[in-house]
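Q: Just data-v3.txt, nothing more (compact mmCIF, C-alpha atoms and all ligand atoms):
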```txt
# COMPACT_ATOMS: atom_id res chain seq x y z
CA MET M 1417 86.82 109.00 85.89
CA LYS M 1418 86.56 105.40 87.12
CA ILE M 1419 89.56 103.15 86.69
CA LEU M 1420 89.67 99.39 87.05
CA VAL M 1421 92.97 98.07 88.39
CA ILE M 1422 93.80 94.45 87.62
CA ASN M 1423 96.57 92.37 89.18
CA CYS M 1424 96.64 88.91 87.61
CA GLY M 1425 98.49 85.97 89.15
CA SER M 1426 98.71 82.47 87.72
CA SER M 1427 95.50 81.26 89.38
CA SER M 1428 94.25 84.39 91.08
CA LEU M 1429 93.22 87.92 90.23
CA LYS M 1430 92.89 90.99 92.41
CA TYR M 1431 90.91 94.01 91.30
CA GLN M 1432 89.80 97.43 92.47
CA LEU M 1433 87.50 99.99 90.92
CA ILE M 1434 88.61 103.48 91.89
CA ASN M 1435 86.86 106.80 91.41
CA MET M 1436 89.76 109.07 90.51
CA GLU M 1437 87.87 112.30 91.18
CA THR M 1438 87.71 111.42 94.87
CA GLU M 1439 90.39 108.68 94.99
CA GLU M 1440 87.72 106.54 96.60
CA VAL M 1441 87.92 102.76 96.24
CA LEU M 1442 84.39 101.92 95.08
CA THR M 1443 84.91 98.19 95.44
CA LYS M 1444 87.67 95.61 95.58
CA GLY M 1445 87.73 91.92 94.96
CA LEU M 1446 89.69 88.75 94.68
CA VAL M 1447 89.19 85.79 92.37
CA GLU M 1448 90.92 82.61 93.47
CA ARG M 1449 91.43 79.14 92.02
CA ILE M 1450 91.07 80.21 88.39
CA GLY M 1451 91.26 77.11 86.17
CA ILE M 1452 91.04 74.72 89.12
CA ASP M 1453 88.20 73.23 91.15
CA GLY M 1454 86.49 75.54 93.61
CA SER M 1455 86.85 78.86 91.73
CA ILE M 1456 85.56 81.70 93.87
CA LEU M 1457 85.07 85.46 93.53
CA THR M 1458 84.80 87.64 96.63
CA GLN M 1459 83.93 91.31 96.27
CA LYS M 1460 83.93 93.78 99.16
CA THR M 1461 82.16 97.11 98.81
CA PRO M 1462 82.06 99.70 101.58
CA GLY M 1463 78.54 99.81 103.02
CA LYS M 1464 77.41 96.62 101.29
CA ASP M 1465 77.41 92.92 102.18
CA LYS M 1466 80.27 90.82 100.90
CA TYR M 1467 79.44 89.36 97.48
CA VAL M 1468 80.64 85.82 96.88
CA VAL M 1469 80.31 83.92 93.60
CA GLU M 1470 81.29 80.26 93.58
CA GLN M 1471 81.25 79.19 89.99
CA ALA M 1472 83.63 77.30 87.70
CA MET M 1473 86.05 79.67 85.95
CA GLU M 1474 88.06 77.76 83.42
CA ASP M 1475 90.41 80.61 82.56
CA HIS M 1476 91.21 84.29 83.18
CA LYS M 1477 88.74 85.42 80.54
CA ALA M 1478 85.94 83.67 82.42
CA ALA M 1479 87.19 85.21 85.67
CA ILE M 1480 87.31 88.75 84.25
CA GLY M 1481 83.85 88.21 82.71
CA LEU M 1482 82.56 87.47 86.22
CA VAL M 1483 84.40 90.46 87.67
CA LEU M 1484 82.66 92.75 85.17
CA LYS M 1485 79.31 91.12 86.01
CA ALA M 1486 79.97 91.64 89.72
CA LEU M 1487 80.80 95.31 89.12
CA ILE M 1488 77.44 95.92 87.41
CA ASP M 1489 75.39 93.53 89.56
CA GLU M 1490 72.07 95.11 90.45
CA ASN M 1491 72.41 94.45 94.19
CA PHE M 1492 76.12 94.14 94.86
CA GLY M 1493 77.60 96.17 92.01
CA VAL M 1494 78.84 99.75 92.05
CA ILE M 1495 78.28 100.89 88.45
CA LYS M 1496 75.36 100.65 86.05
CA SER M 1497 77.27 99.65 82.95
CA MET M 1498 80.78 98.78 81.82
CA ASP M 1499 80.86 102.04 79.86
CA GLU M 1500 81.50 103.81 83.16
CA ILE M 1501 84.99 102.25 83.29
CA SER M 1502 87.24 104.84 81.61
CA ALA M 1503 90.38 102.72 81.56
CA VAL M 1504 91.98 99.57 82.93
CA GLY M 1505 95.39 99.66 84.64
CA HIS M 1506 97.26 96.36 84.66
CA ARG M 1507 100.04 95.49 87.03
CA VAL M 1508 102.86 93.93 85.03
CA VAL M 1509 105.84 92.49 86.86
CA HIS M 1510 108.58 92.86 84.26
CA GLY M 1511 109.06 95.63 81.72
CA GLY M 1512 112.72 94.86 81.04
CA GLU M 1513 114.89 97.82 80.11
CA LYS M 1514 112.37 99.18 77.68
CA TYR M 1515 109.93 100.66 80.18
CA ALA M 1516 110.99 103.22 82.74
CA GLN M 1517 107.40 104.42 82.92
CA SER M 1518 103.86 103.11 82.67
CA VAL M 1519 102.50 102.90 79.10
CA LEU M 1520 99.31 102.74 77.09
CA ILE M 1521 99.06 99.19 75.77
CA ASP M 1522 99.18 98.70 72.00
CA ASP M 1523 100.41 95.90 69.75
CA GLU M 1524 104.03 96.98 70.14
CA VAL M 1525 103.76 96.97 73.92
CA MET M 1526 102.15 93.52 73.86
CA ALA M 1527 105.07 92.23 71.77
CA SER M 1528 107.55 93.71 74.27
CA LEU M 1529 105.72 92.06 77.15
CA GLU M 1530 106.05 88.74 75.38
CA ASP M 1531 109.78 89.42 75.00
CA CYS M 1532 110.02 89.90 78.77
CA VAL M 1533 108.52 86.46 79.48
CA LYS M 1534 111.98 84.90 79.51
CA LEU M 1535 112.99 87.36 82.23
CA ALA M 1536 109.92 86.67 84.39
CA PRO M 1537 108.61 83.25 83.33
CA LEU M 1538 106.40 82.87 86.39
CA HIS M 1539 104.95 86.37 86.52
CA ASN M 1540 104.59 87.92 83.07
CA PRO M 1541 102.51 85.13 81.42
CA PRO M 1542 99.52 85.56 83.79
CA ASN M 1543 99.82 89.36 83.43
CA ILE M 1544 99.65 89.00 79.64
CA ILE M 1545 96.73 86.57 79.84
CA GLY M 1546 94.84 89.09 82.00
CA ILE M 1547 95.47 91.94 79.55
CA LYS M 1548 94.35 89.85 76.57
CA ALA M 1549 91.19 88.74 78.38
CA CYS M 1550 90.31 92.36 79.25
CA MET M 1551 90.96 93.47 75.67
CA GLU M 1552 88.59 90.85 74.36
CA LEU M 1553 85.86 91.75 76.82
CA MET M 1554 86.36 95.55 76.68
CA PRO M 1555 87.78 96.24 73.19
CA ALA M 1556 87.05 99.97 73.27
CA THR M 1557 88.52 100.67 76.73
CA PRO M 1558 92.11 101.97 76.96
CA MET M 1559 94.47 99.74 78.92
CA THR M 1560 97.79 100.60 80.55
CA ALA M 1561 100.68 98.52 81.83
CA VAL M 1562 102.29 99.59 85.10
CA PHE M 1563 105.56 97.77 85.71
CA ASP M 1564 107.14 96.62 88.98
CA THR M 1565 110.54 97.18 87.40
CA ALA M 1566 109.98 100.67 85.93
CA PHE M 1567 110.85 102.78 88.99
CA HIS M 1568 114.27 101.12 89.24
CA GLN M 1569 115.28 101.90 85.66
CA THR M 1570 117.03 105.01 87.00
CA MET M 1571 119.69 102.94 88.79
CA PRO M 1572 123.23 103.75 87.64
CA GLU M 1573 125.27 101.07 85.85
CA GLU M 1574 127.46 100.51 88.89
CA ALA M 1575 124.36 99.38 90.79
CA TYR M 1576 122.74 97.22 88.12
CA ILE M 1577 125.63 95.52 86.30
CA TYR M 1578 126.68 92.18 87.79
CA ALA M 1579 130.35 91.31 87.91
CA LEU M 1580 129.94 88.75 85.14
CA PRO M 1581 131.32 88.78 81.58
CA TYR M 1582 129.83 91.99 80.21
CA GLU M 1583 128.41 90.24 77.10
CA TYR M 1584 125.90 88.44 79.33
CA TYR M 1585 124.33 91.82 79.93
CA THR M 1586 124.32 92.93 76.30
CA GLU M 1587 123.35 89.54 74.87
CA TYR M 1588 120.98 88.13 77.47
CA GLY M 1589 119.86 91.12 79.48
CA ILE M 1590 121.37 89.74 82.70
CA ARG M 1591 121.39 92.71 85.10
CA LYS M 1592 119.67 93.90 88.24
CA TYR M 1593 116.12 95.04 87.44
CA GLY M 1594 114.58 95.36 90.89
CA PHE M 1595 110.92 94.85 91.79
CA HIS M 1596 108.18 96.31 94.04
CA GLY M 1597 108.90 99.57 92.17
CA THR M 1598 105.31 100.80 92.31
CA SER M 1599 105.33 100.42 96.09
CA HIS M 1600 108.74 102.05 96.62
CA LYS M 1601 107.69 104.96 94.40
CA TYR M 1602 104.39 105.41 96.23
CA VAL M 1603 105.73 105.30 99.79
CA SER M 1604 108.75 107.49 99.04
CA SER M 1605 106.51 110.18 97.56
CA LYS M 1606 104.12 109.91 100.53
CA ALA M 1607 107.08 110.24 102.92
CA ALA M 1608 108.27 113.42 101.22
CA GLU M 1609 104.69 114.73 101.44
CA ALA M 1610 104.55 113.87 105.17
CA MET M 1611 107.87 115.68 105.74
CA GLY M 1612 106.61 118.69 103.79
CA ARG M 1613 109.76 118.49 101.68
CA ASP M 1614 110.51 118.25 97.97
CA ILE M 1615 111.40 114.62 97.20
CA ARG M 1616 114.12 115.93 94.85
CA ASP M 1617 116.09 117.06 97.92
CA LEU M 1618 115.73 113.90 100.00
CA LYS M 1619 117.62 110.69 100.67
CA ILE M 1620 115.06 108.02 101.54
CA VAL M 1621 115.45 104.32 102.35
CA THR M 1622 112.20 102.47 101.72
CA CYS M 1623 111.71 99.03 103.31
CA HIS M 1624 108.96 96.99 101.67
CA LEU M 1625 108.75 94.08 104.10
CA GLY M 1626 106.14 91.44 103.38
CA ASN M 1627 106.15 87.90 102.18
CA GLY M 1628 108.41 89.22 99.42
CA SER M 1629 110.71 91.95 100.72
CA SER M 1630 113.02 94.57 99.28
CA VAL M 1631 114.83 97.72 100.36
CA THR M 1632 115.41 100.65 97.99
CA ALA M 1633 117.63 103.73 98.08
CA VAL M 1634 115.59 106.66 96.74
CA LYS M 1635 117.81 109.68 96.17
CA ASP M 1636 116.37 112.96 94.90
CA GLY M 1637 113.15 111.10 94.00
CA ILE M 1638 114.69 108.31 91.93
CA SER M 1639 115.72 104.74 92.71
CA ILE M 1640 119.51 104.43 92.74
CA ASP M 1641 119.73 100.90 94.14
CA THR M 1642 117.47 98.12 95.33
CA THR M 1643 117.96 94.71 96.88
CA MET M 1644 116.02 92.54 94.43
CA GLY M 1645 117.90 91.74 91.27
CA PHE M 1646 117.61 89.90 87.98
CA THR M 1647 114.70 88.14 89.66
CA PRO M 1648 112.86 88.79 92.94
CA LEU M 1649 115.11 86.19 94.61
CA GLU M 1650 118.04 88.49 95.40
CA GLY M 1651 118.58 90.51 98.56
CA LEU M 1652 116.79 90.05 101.86
CA ALA M 1653 115.76 86.75 103.40
CA MET M 1654 112.02 86.60 102.71
CA GLY M 1655 109.01 84.43 103.57
CA THR M 1656 110.21 81.50 101.45
CA ARG M 1657 113.05 83.04 99.38
CA SER M 1658 116.69 82.76 100.37
CA GLY M 1659 117.81 86.18 99.19
CA ASN M 1660 121.58 86.58 98.74
CA LEU M 1661 123.81 83.57 99.00
CA ASP M 1662 127.00 82.27 97.47
CA PRO M 1663 125.99 81.07 93.96
CA ALA M 1664 128.33 78.09 94.40
CA ILE M 1665 125.70 76.68 96.78
CA VAL M 1666 123.43 75.99 93.80
CA SER M 1667 125.86 73.62 92.11
CA PHE M 1668 126.72 72.07 95.48
CA LEU M 1669 123.02 71.31 96.07
CA VAL M 1670 122.67 69.91 92.56
CA LYS M 1671 125.50 67.46 93.21
CA GLU M 1672 124.75 66.55 96.83
CA LEU M 1673 120.97 66.21 96.53
CA LYS M 1674 121.15 64.82 92.97
CA ILE M 1675 118.64 67.36 91.75
CA THR M 1676 118.47 69.62 88.69
CA ALA M 1677 119.40 73.31 88.74
CA ASP M 1678 115.71 74.18 88.40
CA GLU M 1679 114.90 72.04 91.44
CA ALA M 1680 117.66 73.77 93.40
CA LEU M 1681 116.24 77.13 92.39
CA ASN M 1682 112.81 75.98 93.47
CA ILE M 1683 114.25 75.28 96.92
CA LEU M 1684 115.74 78.79 97.03
CA ASN M 1685 112.43 80.32 95.96
CA LYS M 1686 109.88 78.27 97.86
CA LYS M 1687 111.50 76.41 100.75
CA SER M 1688 114.05 78.86 102.06
CA GLY M 1689 113.89 82.27 103.74
CA VAL M 1690 112.36 82.47 107.20
CA LEU M 1691 110.36 79.30 106.43
CA GLY M 1692 113.51 77.34 105.73
CA ILE M 1693 115.42 78.67 108.71
CA SER M 1694 112.61 78.35 111.26
CA GLY M 1695 110.96 75.19 109.92
CA VAL M 1696 107.77 76.75 111.33
CA SER M 1697 106.07 78.84 108.66
CA SER M 1698 106.63 81.54 106.06
CA ASP M 1699 104.18 83.75 107.94
CA PHE M 1700 105.93 86.21 110.24
CA ARG M 1701 103.13 86.10 112.81
CA ASP M 1702 103.48 82.32 113.22
CA ILE M 1703 107.25 82.65 113.53
CA GLN M 1704 106.92 85.40 116.09
CA ILE M 1705 104.60 83.27 118.23
CA ALA M 1706 106.99 80.31 117.98
CA SER M 1707 109.93 82.54 118.87
CA GLU M 1708 108.15 83.93 121.91
CA GLY M 1709 107.41 80.32 122.91
CA GLY M 1710 111.13 79.58 123.01
CA ASN M 1711 111.70 78.14 119.52
CA LYS M 1712 115.35 79.00 118.82
CA ARG M 1713 115.22 78.53 115.05
CA ALA M 1714 112.19 80.81 114.87
CA LYS M 1715 114.12 83.47 116.77
CA LEU M 1716 117.12 82.95 114.49
CA ALA M 1717 114.93 83.39 111.39
CA LEU M 1718 113.65 86.73 112.68
CA ASP M 1719 117.16 87.80 113.71
CA ILE M 1720 118.53 87.01 110.25
CA PHE M 1721 115.65 88.85 108.58
CA CYS M 1722 116.20 91.98 110.69
CA TYR M 1723 119.98 91.83 110.40
CA ARG M 1724 119.83 91.92 106.63
CA VAL M 1725 117.35 94.80 106.55
CA ARG M 1726 119.58 96.73 108.96
CA LYS M 1727 122.65 95.95 106.85
CA TYR M 1728 121.03 97.32 103.70
CA ILE M 1729 119.85 100.47 105.46
CA GLY M 1730 123.51 101.10 106.31
CA ALA M 1731 124.64 100.18 102.80
CA TYR M 1732 122.16 102.53 101.17
CA ALA M 1733 123.01 105.35 103.56
CA ALA M 1734 126.55 104.88 102.22
CA SER M 1735 125.31 104.74 98.59
CA MET M 1736 123.41 108.01 99.01
CA GLY M 1737 125.93 109.77 101.23
CA GLY M 1738 123.44 109.95 104.10
CA VAL M 1739 119.81 109.32 104.89
CA ASP M 1740 117.00 111.74 105.77
CA CYS M 1741 114.10 109.35 106.00
CA LEU M 1742 113.39 105.67 106.61
CA VAL M 1743 110.06 104.16 105.56
CA PHE M 1744 108.45 100.86 106.57
CA THR M 1745 105.70 99.39 104.44
CA ALA M 1746 103.89 96.13 103.41
CA GLY M 1747 102.56 93.38 105.73
CA VAL M 1748 105.49 93.21 108.16
CA GLY M 1749 106.65 96.82 107.78
CA GLU M 1750 103.17 98.22 108.40
CA ASN M 1751 102.16 95.89 111.20
CA SER M 1752 105.07 94.43 113.11
CA ILE M 1753 106.00 96.69 116.00
CA GLU M 1754 108.67 94.16 117.08
CA MET M 1755 110.37 93.86 113.69
CA ARG M 1756 110.60 97.65 113.27
CA GLU M 1757 112.03 97.97 116.77
CA GLU M 1758 114.59 95.24 116.12
CA ILE M 1759 115.63 96.62 112.72
CA CYS M 1760 116.22 100.12 114.07
CA LYS M 1761 118.32 98.85 117.01
CA GLY M 1762 121.92 99.94 116.68
CA LEU M 1763 121.29 102.44 113.91
CA SER M 1764 121.60 105.51 116.11
CA PHE M 1765 125.09 106.12 114.67
CA LEU M 1766 123.22 107.03 111.47
CA GLY M 1767 120.88 109.31 113.38
CA ILE M 1768 118.05 106.75 113.26
CA GLU M 1769 116.17 106.69 116.58
CA LEU M 1770 112.82 105.05 117.01
CA ASP M 1771 110.30 106.24 119.60
CA SER M 1772 108.98 103.04 121.22
CA GLU M 1773 105.64 104.58 122.08
CA ARG M 1774 105.01 106.10 118.66
CA ASN M 1775 106.06 102.77 117.17
CA HIS M 1776 102.97 101.17 118.74
CA THR M 1777 101.00 101.66 115.57
CA ARG M 1778 99.65 99.38 112.89
CA GLY M 1779 98.48 99.77 109.33
CA GLU M 1780 98.24 103.54 109.19
CA ILE M 1781 100.52 106.39 108.25
CA ALA M 1782 102.55 107.40 111.30
CA GLU M 1783 105.79 109.10 112.20
CA ILE M 1784 107.59 106.79 114.62
CA SER M 1785 110.97 108.51 115.07
CA SER M 1786 111.89 110.20 118.35
CA ASP M 1787 112.11 113.97 118.55
CA ASN M 1788 115.92 113.65 118.68
CA SER M 1789 116.16 111.41 115.64
CA LYS M 1790 118.00 113.12 112.77
CA VAL M 1791 116.28 110.72 110.41
CA LYS M 1792 112.49 110.74 110.15
CA ILE M 1793 111.02 107.25 110.39
CA TYR M 1794 107.58 106.56 108.98
CA VAL M 1795 105.13 103.71 108.67
CA ILE M 1796 103.35 104.23 105.36
CA PRO M 1797 100.80 101.67 104.16
CA THR M 1798 101.58 100.90 100.54
CA ASP M 1799 98.88 101.30 97.92
CA GLU M 1800 100.06 99.87 94.64
CA GLU M 1801 96.54 99.89 93.22
CA MET M 1802 96.15 103.64 93.77
CA MET M 1803 99.53 104.24 92.16
CA ILE M 1804 98.51 102.11 89.15
CA ALA M 1805 95.21 104.02 88.92
CA LYS M 1806 97.01 107.39 89.11
CA ASP M 1807 99.48 106.45 86.37
CA THR M 1808 96.59 105.15 84.26
CA LYS M 1809 94.63 108.35 84.74
CA ASP M 1810 97.66 110.44 83.74
CA ILE M 1811 98.23 108.38 80.60
CA VAL M 1812 94.65 108.33 79.35
CA SER M 1813 94.10 112.01 80.17
CA LYS M 1814 96.94 113.01 77.84
P1 LIG F 1 102.42 91.06 102.41
O1 LIG F 1 103.20 90.15 101.53
O2 LIG F 1 102.79 92.48 102.28
O3 LIG F 1 100.93 90.82 102.33
O4 LIG F 1 102.82 90.67 103.93
C1 LIG F 1 102.52 89.41 104.45
C2 LIG F 1 103.30 89.19 105.73
O5 LIG F 1 102.99 90.23 106.66
C3 LIG F 1 102.99 87.86 106.40
O6 LIG F 1 104.17 87.15 106.67
C4 LIG F 1 102.34 88.28 107.70
O7 LIG F 1 102.68 87.43 108.74
C5 LIG F 1 102.94 89.65 107.95
N1 LIG F 1 102.11 90.37 108.91
C6 LIG F 1 100.86 90.84 108.76
N2 LIG F 1 100.42 91.37 109.93
C7 LIG F 1 101.41 91.23 110.84
C8 LIG F 1 101.60 91.57 112.21
N3 LIG F 1 100.63 92.15 112.88
N4 LIG F 1 102.76 91.25 112.80
C9 LIG F 1 103.74 90.63 112.12
N5 LIG F 1 103.64 90.30 110.82
C10 LIG F 1 102.50 90.58 110.19
```
Output the structure of this file as structure tokens.
Ligand code: AMP

A:
Amino acid sequence: MKILVINCGSSSLKYQLINMETEEVLTKGLVERIGIDGSILTQKTPGKDKYVVEQAMEDHKAAIGLVLKALIDENFGVIKSMDEISAVGHRVVHGGEKYAQSVLIDDEVMASLEDCVKLAPLHNPPNIIGIKACMELMPATPMTAVFDTAFHQTMPEEAYIYALPYEYYTEYGIRKYGFHGTSHKYVSSKAAEAMGRDIRDLKIVTCHLGNGSSVTAVKDGISIDTTMGFTPLEGLAMGTRSGNLDPAIVSFLVKELKITADEALNILNKKSGVLGISGVSSDFRDIQIASEGGNKRAKLALDIFCYRVRKYIGAYAASMGGVDCLVFTAGVGENSIEMREEICKGLSFLGIELDSERNHTRGEIAEISSDNSKVKIYVIPTDEEMMIAKDTKDIVSK
């Protein structure tokens, strides 16, 4: 069974074709600048030259048309015909409260996705456009939606209700939803596997640290709390996002800078985080270099980032009544030896002890805790596409 995984952004699209018998990624690609000048498709296939198509793509349908052509291309493709694609798994950011699991897409699901647009106005529209384009081009192929929010639907009320008038939850759906769920689910299950333990008996803190970052408390295999909230703005300081702050700052900015609330929010989403603090970059590697070169604000940005991660590890140990396992994943979590070292500093009171030598690892699954550490610490590369493909396979096999 071959499954195509599609992750549609507003002007970009990532895809992978996966053979589910072997869990082998047959090919993966990226389409950029959809609907703007300079559209480009890049497909990378193991054992083959990189395939690049530079051609105008006015919309997502045109982009997906080219993806399908690339997949069956005589020289650079990996399948003979589109009929070999058994199903398409779509990443969808927001499933609201309706979806605690991945689903087969039908008219009712499409209507629900439209309902969720108000909750994720930046993310759900491109996801929906991608699904519609695939349906038009592959009308007979089953499609699934795999939601970033679904894994967190198990959170108890005390974790997801904000201390606002309760009617705002019932009338407008204002609550914590949480994001990166596919990643937290994947790495927590891999960690249990690595420990040789049943995930239903484990307390795991998963740290997805990338440009967007979140920490999740996974108790007995389910998410019981996570740092992102109503939107992906809550929680940690991120590449460009502020994370938690006093909401009164928004109205203060509106008055002082004479800007609208939306403009203030744009500052919190795009100009804040480690970029805003350091003034250097949103990229952790650039900030690290600046910090090592003596830039104090760059150092402060990294310190603030690590401090918050550390704080949430402690908070979630308290939420779960202990912690058995700590997992680092995503760009920073998988690659930054220094950030992992810094985050784990001072956590020995929880039984978290990093082994500096084992921590010298990048981008592959590794146990990095010391032999004395009560808590196992792992680096586990996330693989949201594989998780989407697995869910899709399960759904269409039923
Ligand atoms: P992601 O959003 O998961 O793709 O992660 C992107 C972030 O990971 C960027 O800020 C990168 O700077 C960071 N990153 C990737 N490799 C490294 C590395 N070797 N050291 C530090 N940060 C890294």

Q: Need the shell around range 1708-1725 of chain M: protein/DNA/RNA residues with any atom at most 10 Å away, counting all atoms listed in the file. Skip same-chain ones fewer than 6 positions apart. Format as a PyMOL selection string?

A: chain M and resi 1623-1625+1629-1631+1643+1651-1655+1659-1660+1689-1697+1700+1702+1731+1754-1761

Q: Range 1483-1493 of chain M: which residues within 8 Å, counting all atoms listed in the file, same-chain residues fewer than 5 positions away excluded, as an NGL selection string?

A: :M and (1457 or 1459 or 1461 or 1464-1465 or 1467 or 1498)

Q: Can you pull out every residue with an atom within 6 Å of ligand LIG 1 (chain F)? Use all atoms listed in the file and format it as a list in words.

A: Gly1626, Asn1627, Gly1628, Asp1699, Phe1700, Arg1701, Ala1746, Gly1747, Val1748, Asn1751 and Ser1752 of chain M

Q: For range 1473-1477 of chain M, work out the shell of residues within 8 Å, counting all atoms listed in the file and skipping chain neighbours fewer than 4 positions away, then give it as a PyMOL selection string.

A: chain M and resi 1450-1452+1455+1481+1545-1546+1549-1550+1553

Q: Restricting the calculation to only C-alpha atoms, which member of M:Asp1636, M:Glu1513, M:Asp1678, M:Glu1672 is positioned closest to Phe1563 in chain M?

A: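 Of M:Asp1636, M:Glu1513, M:Asp1678, M:Glu1672, the one nearest Phe1563 in chain M is M:Glu1513, counting only C-alpha atoms.
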
Q: Could you jot down the CA of Pro1572 in chain M to CA of Pro1541 in chain M separation for me, Å, one decimal place?

A: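 For CA of Pro1572 in chain M relative to CA of Pro1541 in chain M, the distance reads 28.5 Å.
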
Q: Could you give me, as an mmCIF file with C-alpha atoms, in the coordinates of the input, the residues that have an atom at most 6 Å away from the point (89.4, 91.7, 94.6) in the coordinates of the file, using all atoms listed in the file?

A:
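Contents of point28.cif, freshly written:
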```
data_model
loop_
_atom_site.group_PDB
_atom_site.id
_atom_site.type_symbol
_atom_site.label_atom_id
_atom_site.label_comp_id
_atom_site.auth_asym_id
_atom_site.auth_seq_id
_atom_site.Cartn_x
_atom_site.Cartn_y
_atom_site.Cartn_z
ATOM 1 C CA LYS M 1430 92.890 90.990 92.410
ATOM 2 C CA TYR M 1431 90.910 94.010 91.300
ATOM 3 C CA LYS M 1444 87.670 95.610 95.580
ATOM 4 C CA GLY M 1445 87.730 91.920 94.960
ATOM 5 C CA LEU M 1446 89.690 88.750 94.680
ATOM 6 C CA GLN M 1459 83.930 91.310 96.270
#
```

Q: From the set M:Glu1750, M:Cys1424, M:Leu1529, M:Leu1538, which residue has the shortest atom-to-atom contact distance to Gly1779 in chain M, counting all atoms listed in the file?

A: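 Ranked by minimum distance to Gly1779 in chain M, first place goes to M:Glu1750.
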
Q: Which is closer to Tyr1794 in chain M than all the others in M:Arg1774, M:Lys1687, M:Lys1460, M:Lys1601, using only C-alpha atoms?

A: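 Distance minimum relative to Tyr1794 in chain M lands on M:Arg1774.
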
Q: Need to verify the contact set: range 1576-1583 of chain M, 8 Å, all atoms listed in the file, exclusion of same-chain residues closer than 3 positions in sequence. Can you return it as a ChimeraX atom specification?

A: /M:1571-1573,1586-1588,1590-1593,1641,1645

Q: How about saving the chosen residues, C-alpha atoms kept, as a JSON list (two decimals), in the coordinates of the input?

A:
```json
[["chain", "number", "residue", "atom", "x", "y", "z"],
["M", 1571, "MET", "CA", 119.69, 102.94, 88.79],
["M", 1572, "PRO", "CA", 123.23, 103.75, 87.64],
["M", 1573, "GLU", "CA", 125.27, 101.07, 85.85],
["M", 1586, "THR", "CA", 124.32, 92.93, 76.30],
["M", 1587, "GLU", "CA", 123.35, 89.54, 74.87],
["M", 1588, "TYR", "CA", 120.98, 88.13, 77.47],
["M", 1590, "ILE", "CA", 121.37, 89.74, 82.70],
["M", 1591, "ARG", "CA", 121.39, 92.71, 85.10],
["M", 1592, "LYS", "CA", 119.67, 93.90, 88.24],
["M", 1593, "TYR", "CA", 116.12, 95.04, 87.44],
["M", 1641, "ASP", "CA", 119.73, 100.90, 94.14],
["M", 1645, "GLY", "CA", 117.90, 91.74, 91.27]]
```

Q: What does the distance from CA of Ser1428 in chain M to CA of Val1795 in chain M come to in Å, to one decimal?

A: 28.3 Å

Q: Please write as a CSV table (one decimal) with C-alpha atoms, keeping the file's coordinate frame the list of polymer residues whose atoms come within 12 Å of (109.0, 107.0, 98.5), counting all atoms listed in the file and keeping to the coordinates of the file.

A:
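The resulting file, out-v7.csv, is shown below:
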```csv
chain,number,residue,atom,x,y,z
M,1567,PHE,CA,110.8,102.8,89.0
M,1596,HIS,CA,108.2,96.3,94.0
M,1597,GLY,CA,108.9,99.6,92.2
M,1598,THR,CA,105.3,100.8,92.3
M,1599,SER,CA,105.3,100.4,96.1
M,1600,HIS,CA,108.7,102.0,96.6
M,1601,LYS,CA,107.7,105.0,94.4
M,1602,TYR,CA,104.4,105.4,96.2
M,1603,VAL,CA,105.7,105.3,99.8
M,1604,SER,CA,108.8,107.5,99.0
M,1605,SER,CA,106.5,110.2,97.6
M,1606,LYS,CA,104.1,109.9,100.5
M,1607,ALA,CA,107.1,110.2,102.9
M,1608,ALA,CA,108.3,113.4,101.2
M,1609,GLU,CA,104.7,114.7,101.4
M,1610,ALA,CA,104.6,113.9,105.2
M,1611,MET,CA,107.9,115.7,105.7
M,1613,ARG,CA,109.8,118.5,101.7
M,1614,ASP,CA,110.5,118.2,98.0
M,1615,ILE,CA,111.4,114.6,97.2
M,1616,ARG,CA,114.1,115.9,94.8
M,1618,LEU,CA,115.7,113.9,100.0
M,1619,LYS,CA,117.6,110.7,100.7
M,1620,ILE,CA,115.1,108.0,101.5
M,1621,VAL,CA,115.4,104.3,102.4
M,1622,THR,CA,112.2,102.5,101.7
M,1623,CYS,CA,111.7,99.0,103.3
M,1624,HIS,CA,109.0,97.0,101.7
M,1631,VAL,CA,114.8,97.7,100.4
M,1632,THR,CA,115.4,100.6,98.0
M,1633,ALA,CA,117.6,103.7,98.1
M,1634,VAL,CA,115.6,106.7,96.7
M,1635,LYS,CA,117.8,109.7,96.2
M,1636,ASP,CA,116.4,113.0,94.9
M,1637,GLY,CA,113.2,111.1,94.0
M,1638,ILE,CA,114.7,108.3,91.9
M,1639,SER,CA,115.7,104.7,92.7
M,1740,ASP,CA,117.0,111.7,105.8
M,1741,CYS,CA,114.1,109.4,106.0
M,1742,LEU,CA,113.4,105.7,106.6
M,1743,VAL,CA,110.1,104.2,105.6
M,1744,PHE,CA,108.4,100.9,106.6
M,1745,THR,CA,105.7,99.4,104.4
M,1794,TYR,CA,107.6,106.6,109.0
M,1795,VAL,CA,105.1,103.7,108.7
M,1796,ILE,CA,103.4,104.2,105.4
M,1797,PRO,CA,100.8,101.7,104.2
M,1798,THR,CA,101.6,100.9,100.5
M,1799,ASP,CA,98.9,101.3,97.9
M,1803,MET,CA,99.5,104.2,92.2
```

Q: Give me, as a ChimeraX atom specification, all polymer residues having an atom no more than 10 Å from Glu1679 in chain M, counting all atoms listed in the file and skipping those fewer than 6 positions away in the same chain.

A: /M:1666,1669-1670,1673,1685

Q: Suppose we keep C-alpha atoms; can you now write the selection as a CSV table (one decimal), keeping the file's coordinate frame?

A:
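Final file, again_0.csv:
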```csv
chain,number,residue,atom,x,y,z
M,1666,VAL,CA,123.4,76.0,93.8
M,1669,LEU,CA,123.0,71.3,96.1
M,1670,VAL,CA,122.7,69.9,92.6
M,1673,LEU,CA,121.0,66.2,96.5
M,1685,ASN,CA,112.4,80.3,96.0
```
